[in-house]
$ cat work08.pdb   # PDB, C-alpha atoms
ATOM      1  CA  MET A1231     -35.248 -86.918   7.712
ATOM      2  CA  SER A1232     -33.092 -84.901   5.322
ATOM      3  CA  GLU A1233     -32.761 -81.144   5.614
ATOM      4  CA  ILE A1234     -34.366 -78.982   2.906
ATOM      5  CA  LEU A1235     -33.117 -75.390   2.598
ATOM      6  CA  VAL A1236     -35.637 -72.687   1.657
ATOM      7  CA  LEU A1237     -34.358 -69.273   0.550
ATOM      8  CA  VAL A1238     -36.697 -66.765   2.214
ATOM      9  CA  ASP A1239     -38.345 -64.170  -0.018
ATOM     10  CA  HIS A1240     -39.035 -61.109   2.118
ATOM     11  CA  ALA A1241     -39.149 -57.331   2.145
ATOM     12  CA  ASP A1242     -37.570 -55.983   5.341
ATOM     13  CA  GLY A1243     -38.841 -59.011   7.223
ATOM     14  CA  ALA A1244     -42.313 -59.171   5.678
ATOM     15  CA  VAL A1245     -42.376 -62.762   4.423
ATOM     16  CA  ARG A1246     -44.011 -63.170   1.044
ATOM     17  CA  LYS A1247     -46.488 -65.928   0.220
ATOM     18  CA  THR A1248     -43.941 -67.609  -2.026
ATOM     19  CA  THR A1249     -41.895 -68.522   1.043
ATOM     20  CA  THR A1250     -44.835 -70.130   2.851
ATOM     21  CA  GLU A1251     -45.456 -72.174  -0.303
ATOM     22  CA  LEU A1252     -41.832 -73.338  -0.398
ATOM     23  CA  LEU A1253     -41.890 -74.277   3.299
ATOM     24  CA  THR A1254     -45.042 -76.323   2.673
ATOM     25  CA  ILE A1255     -43.289 -78.162  -0.176
ATOM     26  CA  ALA A1256     -40.159 -78.623   1.939
ATOM     27  CA  ARG A1257     -42.174 -80.388   4.657
ATOM     28  CA  SER A1258     -43.239 -83.014   2.120
ATOM     29  CA  LEU A1259     -39.590 -83.688   1.261
ATOM     30  CA  GLY A1260     -37.872 -83.539   4.639
ATOM     31  CA  GLU A1261     -37.095 -81.105   7.448
ATOM     32  CA  PRO A1262     -37.529 -77.451   6.339
ATOM     33  CA  SER A1263     -34.826 -74.932   7.165
ATOM     34  CA  ALA A1264     -35.256 -71.261   6.278
ATOM     35  CA  VAL A1265     -32.307 -69.238   4.983
ATOM     36  CA  PHE A1266     -32.935 -65.604   5.947
ATOM     37  CA  VAL A1267     -30.667 -63.043   4.297
ATOM     38  CA  GLY A1268     -30.626 -59.477   5.628
ATOM     39  CA  ALA A1269     -32.337 -57.679   8.482
ATOM     40  CA  GLY A1270     -35.889 -58.062   9.760
ATOM     41  CA  ILE A1271     -35.957 -61.506  11.327
ATOM     42  CA  ASP A1272     -38.075 -60.195  14.224
ATOM     43  CA  ALA A1273     -40.903 -59.477  11.788
ATOM     44  CA  ALA A1274     -40.444 -62.762   9.937
ATOM     45  CA  ARG A1275     -39.870 -65.221  12.782
ATOM     46  CA  GLU A1276     -43.516 -65.962  13.613
ATOM     47  CA  THR A1277     -44.443 -66.718   9.997
ATOM     48  CA  LEU A1278     -41.409 -68.921   9.353
ATOM     49  CA  VAL A1279     -42.040 -70.973  12.482
ATOM     50  CA  ALA A1280     -45.780 -71.233  11.773
ATOM     51  CA  TYR A1281     -45.111 -72.759   8.363
ATOM     52  CA  GLY A1282     -42.649 -75.331   9.583
ATOM     53  CA  ALA A1283     -39.093 -73.946   9.722
ATOM     54  CA  ASP A1284     -37.219 -76.213  12.116
ATOM     55  CA  THR A1285     -34.024 -74.201  11.696
ATOM     56  CA  ILE A1286     -33.627 -70.553  10.668
ATOM     57  CA  TYR A1287     -30.192 -69.725   9.306
ATOM     58  CA  LEU A1288     -29.464 -66.009   9.731
ATOM     59  CA  LEU A1289     -27.172 -64.340   7.210
ATOM     60  CA  ASP A1290     -27.236 -60.681   8.203
ATOM     61  CA  SER A1291     -24.191 -58.845   6.876
ATOM     62  CA  ALA A1292     -23.655 -55.667   4.899
ATOM     63  CA  ASP A1293     -21.443 -57.750   2.613
ATOM     64  CA  LEU A1294     -24.588 -59.599   1.523
ATOM     65  CA  THR A1295     -27.155 -56.818   1.340
ATOM     66  CA  ASP A1296     -25.149 -53.833   0.108
ATOM     67  CA  TYR A1297     -24.141 -55.524  -3.143
ATOM     68  CA  LEU A1298     -25.780 -57.342  -6.030
ATOM     69  CA  VAL A1299     -26.527 -61.060  -5.879
ATOM     70  CA  VAL A1300     -23.001 -62.505  -6.076
ATOM     71  CA  PRO A1301     -22.255 -62.306  -2.314
ATOM     72  CA  GLN A1302     -25.602 -63.971  -1.558
ATOM     73  CA  ALA A1303     -24.765 -66.771  -3.967
ATOM     74  CA  GLU A1304     -21.380 -67.288  -2.340
ATOM     75  CA  ALA A1305     -22.956 -67.355   1.126
ATOM     76  CA  LEU A1306     -25.656 -69.838   0.141
ATOM     77  CA  ALA A1307     -23.108 -72.056  -1.617
ATOM     78  CA  GLN A1308     -21.010 -72.138   1.564
ATOM     79  CA  LEU A1309     -24.087 -73.071   3.597
ATOM     80  CA  VAL A1310     -24.948 -75.845   1.131
ATOM     81  CA  ASP A1311     -21.427 -77.251   1.421
ATOM     82  CA  ARG A1312     -21.634 -77.144   5.209
ATOM     83  CA  ALA A1313     -25.188 -78.369   5.787
ATOM     84  CA  ALA A1314     -25.311 -80.894   2.902
ATOM     85  CA  PRO A1315     -29.095 -80.542   2.438
ATOM     86  CA  ALA A1316     -31.185 -82.920   0.341
ATOM     87  CA  ALA A1317     -32.388 -79.973  -1.771
ATOM     88  CA  VAL A1318     -32.539 -76.177  -1.943
ATOM     89  CA  LEU A1319     -35.865 -74.540  -2.843
ATOM     90  CA  VAL A1320     -35.732 -71.032  -4.294
ATOM     91  CA  PRO A1321     -38.565 -68.574  -5.142
ATOM     92  CA  SER A1322     -38.960 -67.579  -8.784
ATOM     93  CA  THR A1323     -37.912 -63.930  -8.471
ATOM     94  CA  PRO A1324     -35.313 -62.413 -10.820
ATOM     95  CA  GLU A1325     -32.777 -62.037  -8.012
ATOM     96  CA  ALA A1326     -33.362 -65.484  -6.530
ATOM     97  CA  ARG A1327     -33.160 -67.165  -9.940
ATOM     98  CA  GLU A1328     -29.709 -65.684 -10.461
ATOM     99  CA  VAL A1329     -28.660 -66.749  -6.976
ATOM    100  CA  ALA A1330     -29.869 -70.295  -7.730
ATOM    101  CA  ALA A1331     -27.911 -70.497 -10.974
ATOM    102  CA  ARG A1332     -24.706 -69.258  -9.343
ATOM    103  CA  VAL A1333     -25.089 -71.654  -6.397
ATOM    104  CA  ALA A1334     -25.572 -74.565  -8.797
ATOM    105  CA  VAL A1335     -22.321 -73.666 -10.583
ATOM    106  CA  LYS A1336     -20.362 -73.106  -7.355
ATOM    107  CA  THR A1337     -21.510 -76.415  -5.813
ATOM    108  CA  GLY A1338     -21.388 -78.484  -9.013
ATOM    109  CA  SER A1339     -25.091 -79.217  -8.680
ATOM    110  CA  GLY A1340     -28.030 -79.663 -11.015
ATOM    111  CA  LEU A1341     -30.507 -76.794 -11.435
ATOM    112  CA  ILE A1342     -34.226 -77.056 -12.207
ATOM    113  CA  THR A1343     -36.210 -73.891 -12.979
ATOM    114  CA  ASP A1344     -39.913 -73.101 -13.354
ATOM    115  CA  ALA A1345     -41.096 -76.134 -11.403
ATOM    116  CA  VAL A1346     -44.865 -76.198 -10.878
ATOM    117  CA  ASP A1347     -44.800 -79.309  -8.695
ATOM    118  CA  VAL A1348     -42.154 -80.826  -6.411
ATOM    119  CA  ARG A1349     -42.566 -84.187  -4.713
ATOM    120  CA  ALA A1350     -40.497 -87.032  -3.321
ATOM    121  CA  GLY A1351     -39.403 -89.616  -5.880
ATOM    122  CA  ALA A1352     -39.020 -93.342  -5.436
ATOM    123  CA  ASP A1353     -35.459 -92.883  -4.176
ATOM    124  CA  GLY A1354     -36.535 -90.142  -1.773
ATOM    125  CA  GLY A1355     -35.027 -87.336  -3.845
ATOM    126  CA  PRO A1356     -37.172 -84.534  -5.268
ATOM    127  CA  VAL A1357     -38.933 -84.969  -8.620
ATOM    128  CA  THR A1358     -40.365 -81.919 -10.384
ATOM    129  CA  THR A1359     -42.945 -81.160 -13.048
ATOM    130  CA  GLN A1360     -42.257 -78.375 -15.550
ATOM    131  CA  SER A1361     -43.821 -76.875 -18.658
ATOM    132  CA  VAL A1362     -41.106 -76.484 -21.327
ATOM    133  CA  PHE A1363     -40.549 -75.416 -24.939
ATOM    134  CA  ALA A1364     -43.056 -72.555 -24.737
ATOM    135  CA  GLY A1365     -45.570 -74.849 -23.071
ATOM    136  CA  GLY A1366     -45.380 -77.482 -25.784
ATOM    137  CA  TYR A1367     -44.418 -80.266 -23.377
ATOM    138  CA  THR A1368     -44.879 -81.176 -19.723
ATOM    139  CA  VAL A1369     -41.879 -83.008 -18.306
ATOM    140  CA  GLU A1370     -40.767 -84.632 -15.083
ATOM    141  CA  ALA A1371     -37.188 -84.036 -14.008
ATOM    142  CA  SER A1372     -34.782 -84.878 -11.219
ATOM    143  CA  VAL A1373     -31.230 -83.802 -10.479
ATOM    144  CA  THR A1374     -28.551 -86.442 -10.984
ATOM    145  CA  ARG A1375     -25.540 -84.544  -9.672
ATOM    146  CA  GLY A1376     -24.864 -82.679  -6.461
ATOM    147  CA  THR A1377     -27.575 -80.962  -4.432
ATOM    148  CA  PRO A1378     -30.853 -80.328  -6.291
ATOM    149  CA  ILE A1379     -31.329 -76.558  -6.669
ATOM    150  CA  ILE A1380     -34.990 -76.020  -7.565
ATOM    151  CA  VAL A1381     -36.684 -72.759  -8.553
ATOM    152  CA  VAL A1382     -40.431 -73.055  -7.936
ATOM    153  CA  LYS A1383     -43.138 -70.978  -9.591
ATOM    154  CA  PRO A1384     -45.568 -69.105  -7.320
ATOM    155  CA  ASN A1385     -48.967 -70.720  -6.624
ATOM    156  CA  SER A1386     -47.604 -74.233  -7.141
ATOM    157  CA  VAL A1387     -49.051 -75.328  -3.803
ATOM    158  CA  THR A1388     -51.506 -74.018  -1.209
ATOM    159  CA  PRO A1389     -49.573 -72.911   1.916
ATOM    160  CA  GLU A1390     -50.406 -74.957   5.005
ATOM    161  CA  GLN A1391     -49.316 -74.181   8.533
ATOM    162  CA  SER A1392     -47.498 -76.771  10.619
ATOM    163  CA  PRO A1393     -45.323 -75.271  13.370
ATOM    164  CA  GLY A1394     -41.599 -75.967  13.337
ATOM    165  CA  ALA A1395     -38.973 -75.738  16.056
ATOM    166  CA  GLY A1396     -37.612 -72.424  14.760
ATOM    167  CA  VAL A1397     -34.087 -72.872  16.145
ATOM    168  CA  GLU A1398     -32.024 -69.890  15.019
ATOM    169  CA  GLU A1399     -28.406 -70.141  13.964
ATOM    170  CA  THR A1400     -26.251 -67.219  12.882
ATOM    171  CA  VAL A1401     -24.066 -68.168   9.918
ATOM    172  CA  GLU A1402     -20.695 -66.531   9.375
ATOM    173  CA  VAL A1403     -19.650 -66.515   5.730
ATOM    174  CA  ALA A1404     -16.611 -65.283   3.815
ATOM    175  CA  VAL A1405     -17.369 -63.090   0.804
ATOM    176  CA  SER A1406     -14.677 -62.695  -1.838
ATOM    177  CA  GLU A1407     -13.447 -59.302  -3.001
ATOM    178  CA  ALA A1408     -14.581 -60.106  -6.544
ATOM    179  CA  ALA A1409     -18.149 -60.578  -5.307
ATOM    180  CA  ARG A1410     -18.147 -57.021  -3.960
ATOM    181  CA  SER A1411     -17.464 -55.390  -7.328
ATOM    182  CA  ALA A1412     -21.002 -53.982  -7.775
ATOM    183  CA  ARG A1413     -22.475 -52.052  -4.848
ATOM    184  CA  VAL A1414     -26.107 -50.998  -4.521
ATOM    185  CA  VAL A1415     -25.994 -47.229  -3.979
ATOM    186  CA  LYS A1416     -29.716 -46.477  -3.887
ATOM    187  CA  ARG A1417     -33.024 -48.271  -3.424
ATOM    188  CA  GLU A1418     -36.502 -46.928  -4.086
ATOM    189  CA  PRO A1419     -39.684 -48.754  -3.068
ATOM    190  CA  ARG A1420     -41.952 -49.701  -5.937
ATOM    191  CA  THR A1421     -45.103 -47.625  -6.250
ATOM    192  CA  LYS A1422     -47.948 -49.746  -4.920
ATOM    193  CA  SER A1423     -51.013 -50.177  -7.113
ATOM    194  CA  GLY A1424     -53.165 -51.764  -4.420
ATOM    195  CA  ARG A1425     -53.252 -54.995  -6.450
ATOM    196  CA  PRO A1426     -51.241 -58.186  -5.867
ATOM    197  CA  GLU A1427     -47.846 -58.664  -7.485
ATOM    198  CA  LEU A1428     -48.409 -60.121 -10.957
ATOM    199  CA  THR A1429     -46.165 -63.175 -10.611
ATOM    200  CA  GLU A1430     -47.487 -64.026  -7.128
ATOM    201  CA  ALA A1431     -51.216 -63.375  -7.617
ATOM    202  CA  ALA A1432     -53.690 -66.230  -7.208
ATOM    203  CA  ILE A1433     -55.914 -64.579  -9.833
ATOM    204  CA  VAL A1434     -54.793 -62.664 -12.927
ATOM    205  CA  VAL A1435     -57.012 -60.761 -15.365
ATOM    206  CA  SER A1436     -55.204 -59.858 -18.600
ATOM    207  CA  GLY A1437     -56.148 -57.693 -21.548
ATOM    208  CA  GLY A1438     -54.969 -57.781 -25.131
ATOM    209  CA  ARG A1439     -55.571 -56.238 -28.512
ATOM    210  CA  GLY A1440     -59.319 -56.641 -28.042
ATOM    211  CA  THR A1441     -59.364 -53.936 -25.372
ATOM    212  CA  GLY A1442     -58.603 -51.321 -28.007
ATOM    213  CA  GLY A1443     -56.340 -49.671 -25.463
ATOM    214  CA  ASP A1444     -59.028 -49.233 -22.805
ATOM    215  CA  PHE A1445     -58.139 -51.423 -19.822
ATOM    216  CA  SER A1446     -60.816 -49.977 -17.523
ATOM    217  CA  ASP A1447     -63.067 -53.054 -17.781
ATOM    218  CA  VAL A1448     -60.100 -55.365 -17.205
ATOM    219  CA  GLU A1449     -59.012 -53.372 -14.147
ATOM    220  CA  ALA A1450     -62.550 -53.235 -12.746
ATOM    221  CA  LEU A1451     -62.906 -57.020 -12.961
ATOM    222  CA  ALA A1452     -59.469 -57.487 -11.427
ATOM    223  CA  ASP A1453     -60.362 -55.231  -8.505
ATOM    224  CA  ALA A1454     -63.632 -57.078  -7.948
ATOM    225  CA  LEU A1455     -61.736 -60.387  -7.805
ATOM    226  CA  GLY A1456     -58.774 -59.057  -5.817
ATOM    227  CA  ALA A1457     -56.620 -59.965  -8.809
ATOM    228  CA  ALA A1458     -53.513 -58.688 -10.555
ATOM    229  CA  VAL A1459     -53.690 -57.118 -14.016
ATOM    230  CA  GLY A1460     -51.692 -58.480 -16.936
ATOM    231  CA  ALA A1461     -51.330 -57.569 -20.600
ATOM    232  CA  SER A1462     -50.447 -59.294 -23.846
ATOM    233  CA  ARG A1463     -47.442 -58.335 -25.929
ATOM    234  CA  ALA A1464     -49.735 -56.720 -28.508
ATOM    235  CA  ALA A1465     -51.179 -54.413 -25.845
ATOM    236  CA  VAL A1466     -47.738 -53.579 -24.467
ATOM    237  CA  ASP A1467     -46.205 -52.958 -27.895
ATOM    238  CA  SER A1468     -49.089 -50.602 -28.676
ATOM    239  CA  GLY A1469     -48.238 -48.571 -25.588
ATOM    240  CA  TRP A1470     -51.514 -49.342 -23.870
ATOM    241  CA  TYR A1471     -49.982 -50.873 -20.733
ATOM    242  CA  PRO A1472     -46.482 -50.877 -19.164
ATOM    243  CA  HIS A1473     -44.077 -53.637 -20.138
ATOM    244  CA  SER A1474     -43.760 -54.710 -16.510
ATOM    245  CA  TYR A1475     -47.286 -56.140 -16.782
ATOM    246  CA  GLN A1476     -46.643 -58.222 -19.895
ATOM    247  CA  VAL A1477     -47.441 -61.916 -19.617
ATOM    248  CA  GLY A1478     -45.705 -64.178 -22.094
ATOM    249  CA  GLN A1479     -42.480 -65.670 -23.344
ATOM    250  CA  THR A1480     -40.813 -62.243 -23.496
ATOM    251  CA  GLY A1481     -42.621 -60.972 -20.408
ATOM    252  CA  LYS A1482     -43.498 -62.528 -17.082
ATOM    253  CA  THR A1483     -44.517 -66.124 -16.496
ATOM    254  CA  VAL A1484     -47.497 -66.590 -14.195
ATOM    255  CA  SER A1485     -49.136 -69.673 -12.760
ATOM    256  CA  PRO A1486     -52.232 -68.488 -10.856
ATOM    257  CA  GLN A1487     -55.218 -70.458  -9.671
ATOM    258  CA  LEU A1488     -57.383 -68.509 -12.148
ATOM    259  CA  TYR A1489     -56.332 -66.716 -15.339
ATOM    260  CA  VAL A1490     -58.823 -64.591 -17.295
ATOM    261  CA  ALA A1491     -57.699 -63.704 -20.841
ATOM    262  CA  SER A1492     -59.725 -60.798 -22.228
ATOM    263  CA  GLY A1493     -59.422 -59.908 -25.889
ATOM    264  CA  ILE A1494     -56.281 -62.023 -26.265
ATOM    265  CA  SER A1495     -55.978 -64.204 -29.355
ATOM    266  CA  GLY A1496     -53.729 -66.775 -27.720
ATOM    267  CA  ALA A1497     -50.522 -66.636 -29.739
ATOM    268  CA  ILE A1498     -47.841 -69.081 -28.568
ATOM    269  CA  GLN A1499     -45.817 -66.153 -27.197
ATOM    270  CA  HIS A1500     -48.600 -65.401 -24.701
ATOM    271  CA  ARG A1501     -49.559 -68.986 -23.987
ATOM    272  CA  ALA A1502     -46.008 -69.792 -22.901
ATOM    273  CA  GLY A1503     -46.378 -67.349 -20.036
ATOM    274  CA  MET A1504     -49.705 -68.470 -18.583
ATOM    275  CA  GLN A1505     -50.772 -71.950 -19.596
ATOM    276  CA  THR A1506     -49.711 -73.572 -16.325
ATOM    277  CA  ALA A1507     -52.569 -71.669 -14.639
ATOM    278  CA  LYS A1508     -54.910 -74.057 -12.831
ATOM    279  CA  THR A1509     -58.092 -72.685 -14.449
ATOM    280  CA  ILE A1510     -58.160 -70.561 -17.619
ATOM    281  CA  VAL A1511     -61.103 -68.460 -18.810
ATOM    282  CA  ALA A1512     -61.109 -66.585 -22.123
ATOM    283  CA  VAL A1513     -63.370 -63.831 -23.465
ATOM    284  CA  ASN A1514     -62.993 -63.158 -27.191
ATOM    285  CA  LYS A1515     -65.247 -62.106 -30.075
ATOM    286  CA  ASP A1516     -63.501 -64.532 -32.424
ATOM    287  CA  ALA A1517     -64.810 -68.066 -31.871
ATOM    288  CA  GLU A1518     -61.795 -69.396 -33.816
ATOM    289  CA  ALA A1519     -59.184 -67.653 -31.641
ATOM    290  CA  PRO A1520     -56.340 -70.057 -30.663
ATOM    291  CA  ILE A1521     -56.849 -69.203 -26.989
ATOM    292  CA  PHE A1522     -60.011 -71.337 -26.949
ATOM    293  CA  GLU A1523     -57.907 -74.464 -27.572
ATOM    294  CA  LEU A1524     -56.356 -73.986 -24.150
ATOM    295  CA  VAL A1525     -59.154 -72.801 -21.878
ATOM    296  CA  ASP A1526     -61.333 -74.494 -19.290
ATOM    297  CA  PHE A1527     -64.154 -72.018 -19.938
ATOM    298  CA  GLY A1528     -64.626 -69.806 -22.991
ATOM    299  CA  VAL A1529     -66.997 -66.928 -23.652
ATOM    300  CA  VAL A1530     -67.512 -65.804 -27.246
ATOM    301  CA  GLY A1531     -68.473 -62.167 -26.950
ATOM    302  CA  ASP A1532     -67.374 -58.547 -26.695
ATOM    303  CA  LEU A1533     -65.278 -58.060 -23.570
ATOM    304  CA  LYS A1534     -66.726 -54.554 -23.200
ATOM    305  CA  GLN A1535     -70.096 -56.184 -22.582
ATOM    306  CA  VAL A1536     -69.045 -59.415 -20.876
ATOM    307  CA  LEU A1537     -66.557 -58.050 -18.332
ATOM    308  CA  PRO A1538     -68.842 -55.337 -16.869
ATOM    309  CA  GLN A1539     -71.592 -57.938 -16.407
ATOM    310  CA  ALA A1540     -69.184 -60.298 -14.679
ATOM    311  CA  THR A1541     -67.875 -57.484 -12.467
ATOM    312  CA  GLU A1542     -71.389 -56.426 -11.492
ATOM    313  CA  GLU A1543     -72.374 -59.977 -10.612
ATOM    314  CA  ILE A1544     -69.217 -60.574  -8.547
ATOM    315  CA  ILE A1545     -69.753 -57.367  -6.569
ATOM    316  CA  LYS A1546     -73.383 -58.314  -5.998
ATOM    317  CA  ARG A1547     -72.462 -61.785  -4.703
ATOM    318  CA  LYS A1548     -69.776 -60.350  -2.445
ATOM    319  CA  GLY A1549     -72.522 -58.447  -0.729
TER     320      GLY A1549
END

$ encode --input "work08.pdb" --output "structure tokens"
Amino acid sequence: MSEILVLVDHADGAVRKTTTELLTIARSLGEPSAVFVGAGIDAARETLVAYGADTIYLLDSADLTDYLVVPQAEALAQLVDRAAPAAVLVPSTPEAREVAARVAVKTGSGLITDAVDVRAGADGGPVTTQSVFAGGYTVEASVTRGTPIIVVKPNSVTPEQSPGAGVEETVEVAVSEAARSARVVKREPRTKSGRPELTEAAIVVSGGRGTGGDFSDVEALADALGAAVGASRAAVDSGWYPHSYQVGQTGKTVSPQLYVASGISGAIQHRAGMQTAKTIVAVNKDAEAPIFELVDFGVVGDLKQVLPQATEEIIKRKG
């Protein structure tokens, strides 16, 4: 079987769910190999092996971690040239997306972004499904040149364990002087809210103009569901919620198992960022709101009445 490289998404060795999803996809395409950049492999090894990594390529060098993404892109491009994999799967983080684009250029390969499904085609190569043009079309795509470099959205597949061999191989790479032109001089951990990361969450509860600036009911429902909180552009532009929580074409793109839109009209700008969600629920007082054209379940009502009732019932059923 052909080798499939998976760029590991981790924080000091703590492997994120996105990586276990990519390893699950990789197993359906060929033999998964994890590419681990930086320190912390001792904390990550068990998870990578459990989800099928037959080979773990270790790229632990200050040249890769003390600078911005260019050295990582050079290192991954060198590994692609050496290993000649059938595909490279990359998580949809800002840093990894840039790495993917640079690797595609350096290796003369085709790049596919925002894939929500990856499967083997008739010729054995990967075929993807994407939502494009602000969600106006769903397309299937495959790379026709070089090694397919594929950026996959979170929650595109349910992670499944299947132990791999986990053979570790340290990779020596040469980083150019030009790649070391921007050094990272300071890092600060993000303040934790206690909720899942918005782009990785399986459930997202978002609020819009209909909240009137009070997100307490949205946050209470999110906490009851173990969900992330999102916001529409209208809510963000009004200063009601930080921009980092904006879902939409000019914000973050999410693809959760469940998306709850509360007081959001459903403008195309917002829909482009969430309509690949598996199940969509909307709560809005306006029965003619465009969001209802998209949803699986719609509730016509005041979110300030509907959400507290839903929260109370969820807490009751959770025991």

$ resolve_selection --input "work08.pdb" --expression "the PyMOL selection byres ((chain A and resi 1489-1497) around 7)" --output "list in words"
Ile1433, Val1434, Val1435, Ser1436, Gly1437, Gly1438, Arg1439, Gly1440, Thr1441, Ser1462, Pro1486, Gln1487, Leu1488, Ile1498, Gln1499, His1500, Arg1501, Ala1507, Thr1509, Ile1510, Val1511, Ala1512, Val1513, Asn1514, Ala1519, Pro1520, Ile1521 and Leu1533 of chain A

$ atom_distance --input "work08.pdb" --atom1 "atom CA of Ala1371 of chain A" --atom2 "atom CA of Ala1345 of chain A"
9.2 Å

$ axis_aligned_box --input "work08.pdb" --around "segment 1381-1400 of chain A" --padding-each-side "3 Å" --output "JSON"
{"center_x": -38.9, "center_y": -72.0, "center_z": 3.3, "size_x": 31.3, "size_y": 15.6, "size_z": 31.7}

$ atom_distance --input "work08.pdb" --atom1 "atom CA of Arg1547 of chain A" --atom2 "atom CA of Gly1460 of chain A"
24.3 Å

$ resolve_selection --input "work08.pdb" --expression "the PyMOL selection byres ((chain A and resi 1456) around 9)" --output "VMD selection string"
chain A and resid 1425 to 1426 1431 to 1434 1451 to 1455 1457 to 1458

$ residues_around --input "work08.pdb" --residues "Thr1483 of chain A" --least-positions-apart "3" --cutoff "9 Å" --atoms "all atoms listed in the file" --output "list in words"
Asp1344, Lys1383, Thr1429, Gln1476, Val1477, Gly1478, Gln1479, Thr1480, Ala1502, Gly1503 and Met1504 of chain A

$ resolve_selection --input "work08.pdb" --expression "the PyMOL selection byres ((chain A and resi 1297) around 7)" --output "PDB file with C-alpha atoms, in the coordinates of the input"
ATOM      1  CA  ASP A1293     -21.443 -57.750   2.613  1.00  0.00           C
ATOM      2  CA  LEU A1294     -24.588 -59.599   1.523  1.00  0.00           C
ATOM      3  CA  THR A1295     -27.155 -56.818   1.340  1.00  0.00           C
ATOM      4  CA  ASP A1296     -25.149 -53.833   0.108  1.00  0.00           C
ATOM      5  CA  LEU A1298     -25.780 -57.342  -6.030  1.00  0.00           C
ATOM      6  CA  VAL A1299     -26.527 -61.060  -5.879  1.00  0.00           C
ATOM      7  CA  ARG A1410     -18.147 -57.021  -3.960  1.00  0.00           C
ATOM      8  CA  ALA A1412     -21.002 -53.982  -7.775  1.00  0.00           C
ATOM      9  CA  ARG A1413     -22.475 -52.052  -4.848  1.00  0.00           C
ATOM     10  CA  VAL A1414     -26.107 -50.998  -4.521  1.00  0.00           C
TER      11      VAL A1414
END

$ residues_around --input "work08.pdb" --residues "Asp1290 of chain A" --least-positions-apart "3" --cutoff "10 Å" --atoms "only C-alpha atoms" --output "ChimeraX atom specification"
/A:1266-1271,1287,1293-1295,1400-1403

$ atom_distance --input "work08.pdb" --atom1 "atom CA of Leu1252 of chain A" --atom2 "atom CA of Gly1396 of chain A"
15.8 Å

$ residues_around --input "work08.pdb" --residues "Asp1532 of chain A" --least-positions-apart "3" --cutoff "7 Å" --atoms "all atoms listed in the file" --output "list in words"
Asn1514, Lys1515, Gln1535 and Val1536 of chain A
